Every structure is written in structure tokens, then in C-alpha cells.
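To keep things clear, I will list the structure first and then write my remarks on it.
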Amino acid sequence: MPNSSLLSVDHLFVYGTLRCGSISPMAHWLATHASWTGAAQARGRLYALEGYPGFVPDPAAGWVQGDVFKIADDAPLFAGLDDYEECAAHNPEPHEYARVVIDVRMGTATIPAWTYVYRYSTDGVRRIESGDFLDDER
């Protein structure tokens, strides 16, 4: 059962193929099911995988660029996103991603938001030093 304090988290931080400006069909799907709140940043490291990034939170690292969406009805939204990220309960373990709550910076404010955290080893994986997946893809 989820922590009851997490049930009040109604924002999602995305940093890769779900961002505004991505050509991914899932980015379009997200934009039609949630409200874009604005650009945001989170402390961590971003890694270039095969066509998508992996985010590893780290309070001592640089900033990862992303977008925040406000979620009105999280159950169907997260069911779709968990399937996309292959971390739903029916996906075989070990999951590449886990959905967790982190703090993100929007302007001068810090808010809690759900995000998908990369869980595999990053040994030998290229780090996206800019922290911006969309810039790295250009």
C-alpha cells in the first residue's frame, strides 16, 4: 500500500521521451491526459541509453532538465505510464525503472513530484553532461 503522504503528490517530472518537444507518441499522450505546469530541474545524473535516457537522482550532482505535469486522475495515467516504462506489476522483474517521488525545482519553488528513476548499472554508459536529453538528441 502506498505511503498516504505520497497520495497527495499530484505532479510528474519527466526528463526524456515524455517531455514537451519530444516526438514520442507517449509525449503526446501525456500532454492530452495531464496539464503541463512548466519547465523544471532535478538534481541527478542523466545517462544516454538506446534512444531514451536514464535518470539517477543525486543531491550532489548537477541539474537535469525536464517538465512538470499536473495530474488530475492519477490511476489511469500511471497505469499507462508504468506500462510504457515497463515497471507495472505485470512486467517481469527486475524493472529498469521505478516510479518514485523526488523534489524538483520550478523557478524559485521546490515541489514534490513523481518521476521514473533508472535502476540498472550505469557503468560504461555515456552520461549526458548537459542534463538535457532533448539537447543531446539534436
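Chain identifiers are assigned as A, B, and so on, following the order in which chains appear in the C-alpha cells; residues are numbered from 1 within each chain, and ligands are numbered from 1 in order of appearance.
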Phe133 of chain A surroundings by only C-alpha atoms, 8 Å radius, close-in-sequence under 6 positions cut, as a PDB file with C-alpha atoms, in the first residue's frame:
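And here's part27.pdb as it stands now:
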```pdb
ATOM      1  CA  TYR A  15      13.126  14.312 -18.422  1.00  0.00           C
ATOM      2  CA  GLY A  16      13.238  12.307 -21.647  1.00  0.00           C
ATOM      3  CA  LEU A  46      21.251  11.653 -16.847  1.00  0.00           C
ATOM      4  CA  ALA A  48      22.110   8.124 -22.722  1.00  0.00           C
ATOM      5  CA  TYR A  52      15.969   7.244 -24.315  1.00  0.00           C
ATOM      6  CA  PRO A  53      17.592   8.487 -21.105  1.00  0.00           C
ATOM      7  CA  GLN A  65      16.240  19.456 -17.232  1.00  0.00           C
TER       8      GLN A  65
END
```
Tell me, as a JSON list (two decimals) with all heavy atoms, in the first residue's frame, which residues lie within 8 Å of Glu86 of chain A, counting only C-alpha atoms; anything in the same chain fewer than 3 positions away does not count.
```json
[["chain", "number", "residue", "atom", "x", "y", "z"],
["A", 82, "ASP", "N", 3.29, 3.48, -16.34],
["A", 82, "ASP", "CA", 4.00, 2.33, -15.80],
["A", 82, "ASP", "C", 4.17, 1.25, -16.87],
["A", 82, "ASP", "O", 5.22, 0.60, -16.94],
["A", 82, "ASP", "CB", 3.30, 1.76, -14.57],
["A", 82, "ASP", "CG", 3.43, 2.66, -13.34],
["A", 82, "ASP", "OD1", 4.15, 3.67, -13.38],
["A", 82, "ASP", "OD2", 2.78, 2.32, -12.32],
["A", 83, "ASP", "N", 3.16, 1.08, -17.71],
["A", 83, "ASP", "CA", 3.30, 0.14, -18.84],
["A", 83, "ASP", "C", 4.39, 0.61, -19.79],
["A", 83, "ASP", "O", 5.23, -0.17, -20.22],
["A", 83, "ASP", "CB", 1.98, 0.00, -19.60],
["A", 83, "ASP", "CG", 1.04, -1.01, -18.98],
["A", 83, "ASP", "OD1", 1.50, -1.85, -18.17],
["A", 83, "ASP", "OD2", -0.16, -0.95, -19.28],
["A", 91, "ASN", "N", 4.90, -6.52, -15.33],
["A", 91, "ASN", "CA", 6.17, -6.61, -16.06],
["A", 91, "ASN", "C", 7.15, -7.46, -15.28],
["A", 91, "ASN", "O", 7.21, -7.39, -14.05],
["A", 91, "ASN", "CB", 6.77, -5.22, -16.29],
["A", 91, "ASN", "CG", 5.95, -4.37, -17.22],
["A", 91, "ASN", "OD1", 5.35, -3.39, -16.81],
["A", 91, "ASN", "ND2", 5.90, -4.75, -18.48],
["A", 95, "HIS", "N", 12.81, -4.57, -12.83],
["A", 95, "HIS", "CA", 12.36, -3.44, -13.63],
["A", 95, "HIS", "C", 13.52, -2.47, -13.88],
["A", 95, "HIS", "O", 14.30, -2.20, -12.98],
["A", 95, "HIS", "CB", 11.24, -2.68, -12.91],
["A", 95, "HIS", "CG", 10.00, -3.48, -12.76],
["A", 95, "HIS", "ND1", 9.10, -3.24, -11.78],
["A", 95, "HIS", "CD2", 9.49, -4.52, -13.48],
["A", 95, "HIS", "CE1", 8.09, -4.09, -11.88],
["A", 95, "HIS", "NE2", 8.31, -4.88, -12.91],
["A", 96, "GLU", "N", 13.57, -1.97, -15.09],
["A", 96, "GLU", "CA", 14.60, -0.99, -15.46],
["A", 96, "GLU", "C", 14.35, 0.34, -14.74],
["A", 96, "GLU", "O", 15.29, 1.06, -14.42],
["A", 96, "GLU", "CB", 14.58, -0.79, -16.97],
["A", 96, "GLU", "CG", 15.67, 0.10, -17.50],
["A", 96, "GLU", "CD", 15.66, 0.20, -19.02],
["A", 96, "GLU", "OE1", 14.63, -0.11, -19.66],
["A", 96, "GLU", "OE2", 16.70, 0.59, -19.56],
["A", 97, "TYR", "N", 13.10, 0.66, -14.49],
["A", 97, "TYR", "CA", 12.72, 1.92, -13.84],
["A", 97, "TYR", "C", 11.86, 1.66, -12.62],
["A", 97, "TYR", "O", 11.18, 0.63, -12.54],
["A", 97, "TYR", "CB", 11.93, 2.82, -14.81],
["A", 97, "TYR", "CG", 12.78, 3.39, -15.91],
["A", 97, "TYR", "CD1", 12.94, 2.71, -17.11],
["A", 97, "TYR", "CD2", 13.45, 4.58, -15.73],
["A", 97, "TYR", "CE1", 13.74, 3.21, -18.12],
["A", 97, "TYR", "CE2", 14.26, 5.09, -16.73],
["A", 97, "TYR", "CZ", 14.40, 4.40, -17.92],
["A", 97, "TYR", "OH", 15.20, 4.91, -18.90]]
```
- Write out as a PyMOL selection string all residues of chain A that backbone DSSP assigns to strand (DSSP E). chain A and resi 11-14+35-48+53-57+63-70+97-106+109-118
Written selection (N, CA and C atoms) as a short mmCIF file (atom, residue, chain, number, x, y, z; two decimals), in the first residue's frame:
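And here is the file that came out, selection_8.cif:
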```cif
data_model
loop_
_atom_site.label_atom_id
_atom_site.label_comp_id
_atom_site.auth_asym_id
_atom_site.auth_seq_id
_atom_site.Cartn_x
_atom_site.Cartn_y
_atom_site.Cartn_z
N HIS A 11 1.98 15.86 -9.06
CA HIS A 11 2.82 16.32 -10.16
C HIS A 11 3.72 15.19 -10.65
N LEU A 12 4.11 15.27 -11.91
CA LEU A 12 5.00 14.30 -12.53
C LEU A 12 6.14 15.06 -13.21
N PHE A 13 7.37 14.68 -12.91
CA PHE A 13 8.56 15.26 -13.55
C PHE A 13 9.03 14.29 -14.63
N VAL A 14 9.13 14.79 -15.87
CA VAL A 14 9.61 13.97 -16.99
C VAL A 14 10.87 14.63 -17.56
N SER A 35 -1.89 18.18 -17.38
CA SER A 35 -1.68 19.60 -17.70
C SER A 35 -0.23 19.97 -17.48
N TRP A 36 0.41 20.50 -18.52
CA TRP A 36 1.78 20.96 -18.41
C TRP A 36 1.82 22.13 -17.44
N THR A 37 2.69 22.04 -16.43
CA THR A 37 2.82 23.09 -15.42
C THR A 37 3.99 24.02 -15.73
N GLY A 38 5.08 23.46 -16.25
CA GLY A 38 6.23 24.28 -16.61
C GLY A 38 7.53 23.49 -16.64
N ALA A 39 8.58 24.21 -17.02
CA ALA A 39 9.91 23.62 -17.03
C ALA A 39 10.38 23.45 -15.59
N ALA A 40 11.21 22.44 -15.38
CA ALA A 40 11.71 22.16 -14.03
C ALA A 40 13.08 21.50 -14.11
N GLN A 41 13.70 21.38 -12.95
CA GLN A 41 15.00 20.75 -12.84
C GLN A 41 15.02 19.86 -11.61
N ALA A 42 15.83 18.81 -11.70
CA ALA A 42 16.03 17.91 -10.55
C ALA A 42 17.51 17.60 -10.45
N ARG A 43 17.98 17.43 -9.23
CA ARG A 43 19.39 17.08 -9.02
C ARG A 43 19.60 15.61 -9.36
N GLY A 44 20.61 15.36 -10.19
CA GLY A 44 20.91 13.99 -10.53
C GLY A 44 21.81 13.88 -11.74
N ARG A 45 21.89 12.66 -12.25
CA ARG A 45 22.70 12.38 -13.43
C ARG A 45 21.79 11.76 -14.49
N LEU A 46 22.04 12.15 -15.73
CA LEU A 46 21.25 11.65 -16.85
C LEU A 46 22.16 10.85 -17.77
N TYR A 47 21.71 9.67 -18.16
CA TYR A 47 22.51 8.78 -18.99
C TYR A 47 21.82 8.51 -20.32
N ALA A 48 22.62 8.40 -21.38
CA ALA A 48 22.11 8.12 -22.72
C ALA A 48 22.03 6.62 -22.92
N PRO A 53 16.64 8.26 -22.20
CA PRO A 53 17.59 8.49 -21.10
C PRO A 53 17.24 7.72 -19.84
N GLY A 54 18.21 7.63 -18.97
CA GLY A 54 18.01 7.10 -17.63
C GLY A 54 18.41 8.17 -16.63
N PHE A 55 17.55 8.43 -15.66
CA PHE A 55 17.79 9.45 -14.64
C PHE A 55 18.10 8.77 -13.32
N VAL A 56 19.20 9.22 -12.68
CA VAL A 56 19.58 8.72 -11.37
C VAL A 56 19.66 9.92 -10.43
N PRO A 57 18.75 10.04 -9.47
CA PRO A 57 18.79 11.18 -8.55
C PRO A 57 20.08 11.19 -7.74
N TRP A 63 22.16 19.58 -12.44
CA TRP A 63 20.72 19.67 -12.68
C TRP A 63 20.34 18.92 -13.95
N VAL A 64 19.26 18.17 -13.88
CA VAL A 64 18.67 17.52 -15.03
C VAL A 64 17.45 18.34 -15.42
N GLN A 65 17.33 18.63 -16.71
CA GLN A 65 16.24 19.46 -17.23
C GLN A 65 15.02 18.60 -17.54
N GLY A 66 13.85 19.15 -17.28
CA GLY A 66 12.63 18.41 -17.58
C GLY A 66 11.41 19.29 -17.57
N ASP A 67 10.27 18.65 -17.53
CA ASP A 67 8.98 19.31 -17.49
C ASP A 67 8.14 18.70 -16.38
N VAL A 68 7.25 19.51 -15.83
CA VAL A 68 6.33 19.04 -14.80
C VAL A 68 4.92 19.11 -15.34
N PHE A 69 4.17 18.04 -15.08
CA PHE A 69 2.77 17.96 -15.43
C PHE A 69 1.95 17.81 -14.17
N LYS A 70 0.81 18.46 -14.14
CA LYS A 70 -0.16 18.32 -13.05
C LYS A 70 -1.09 17.17 -13.43
N TYR A 97 13.10 0.66 -14.49
CA TYR A 97 12.72 1.92 -13.84
C TYR A 97 11.86 1.66 -12.62
N ALA A 98 11.87 2.62 -11.72
CA ALA A 98 10.96 2.63 -10.58
C ALA A 98 10.34 4.03 -10.51
N ARG A 99 9.07 4.08 -10.20
CA ARG A 99 8.40 5.38 -10.04
C ARG A 99 8.54 5.79 -8.58
N VAL A 100 9.17 6.95 -8.36
CA VAL A 100 9.41 7.46 -7.01
C VAL A 100 9.09 8.95 -6.94
N VAL A 101 9.00 9.47 -5.75
CA VAL A 101 8.80 10.91 -5.54
C VAL A 101 10.14 11.55 -5.21
N ILE A 102 10.43 12.64 -5.92
CA ILE A 102 11.64 13.42 -5.67
C ILE A 102 11.25 14.89 -5.56
N ASP A 103 12.18 15.72 -5.10
CA ASP A 103 11.98 17.16 -5.11
C ASP A 103 12.49 17.73 -6.42
N VAL A 104 11.69 18.60 -7.04
CA VAL A 104 12.09 19.27 -8.26
C VAL A 104 11.99 20.77 -8.08
N ARG A 105 12.81 21.50 -8.82
CA ARG A 105 12.83 22.96 -8.74
C ARG A 105 12.11 23.55 -9.93
N MET A 106 11.14 24.39 -9.62
CA MET A 106 10.43 25.16 -10.64
C MET A 106 10.59 26.63 -10.29
N ALA A 109 10.69 27.83 -6.53
CA ALA A 109 9.95 26.90 -5.67
C ALA A 109 10.49 25.47 -5.82
N THR A 110 10.36 24.71 -4.75
CA THR A 110 10.67 23.29 -4.79
C THR A 110 9.39 22.53 -4.48
N ILE A 111 9.06 21.55 -5.33
CA ILE A 111 7.84 20.78 -5.13
C ILE A 111 8.15 19.29 -5.22
N PRO A 112 7.34 18.45 -4.57
CA PRO A 112 7.50 17.00 -4.75
C PRO A 112 6.82 16.58 -6.05
N ALA A 113 7.44 15.65 -6.75
CA ALA A 113 6.85 15.15 -7.99
C ALA A 113 7.26 13.69 -8.20
N TRP A 114 6.38 12.95 -8.80
CA TRP A 114 6.72 11.60 -9.22
C TRP A 114 7.69 11.67 -10.39
N THR A 115 8.54 10.70 -10.52
CA THR A 115 9.40 10.55 -11.68
C THR A 115 9.79 9.09 -11.82
N TYR A 116 10.37 8.76 -12.95
CA TYR A 116 10.84 7.40 -13.19
C TYR A 116 12.36 7.39 -13.08
N VAL A 117 12.86 6.60 -12.15
CA VAL A 117 14.29 6.53 -11.83
C VAL A 117 14.87 5.26 -12.45
N TYR A 118 16.02 5.43 -13.10
CA TYR A 118 16.73 4.31 -13.72
C TYR A 118 17.37 3.45 -12.64
#
```
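Counting only C-alpha atoms, the residue from A:Ala31, A:Ala61, A:Leu49, A:Leu134 that sits nearest to Leu77 of chain A is A:Ala31.
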- Considering only C-alpha atoms, return as a ChimeraX atom specification whatever protein or nucleic-acid residues lie within 10 Å of Trp29 of chain A, sequence-local ones (same chain, fewer than 2 positions apart) excluded. /A:18,24-27,31-34,77,80-81
- Query: Between atom CA of Glu93 of chain A and atom CA of Tyr120 of chain A, what is the spacing in Å?
  - Reply: 11.7 Å
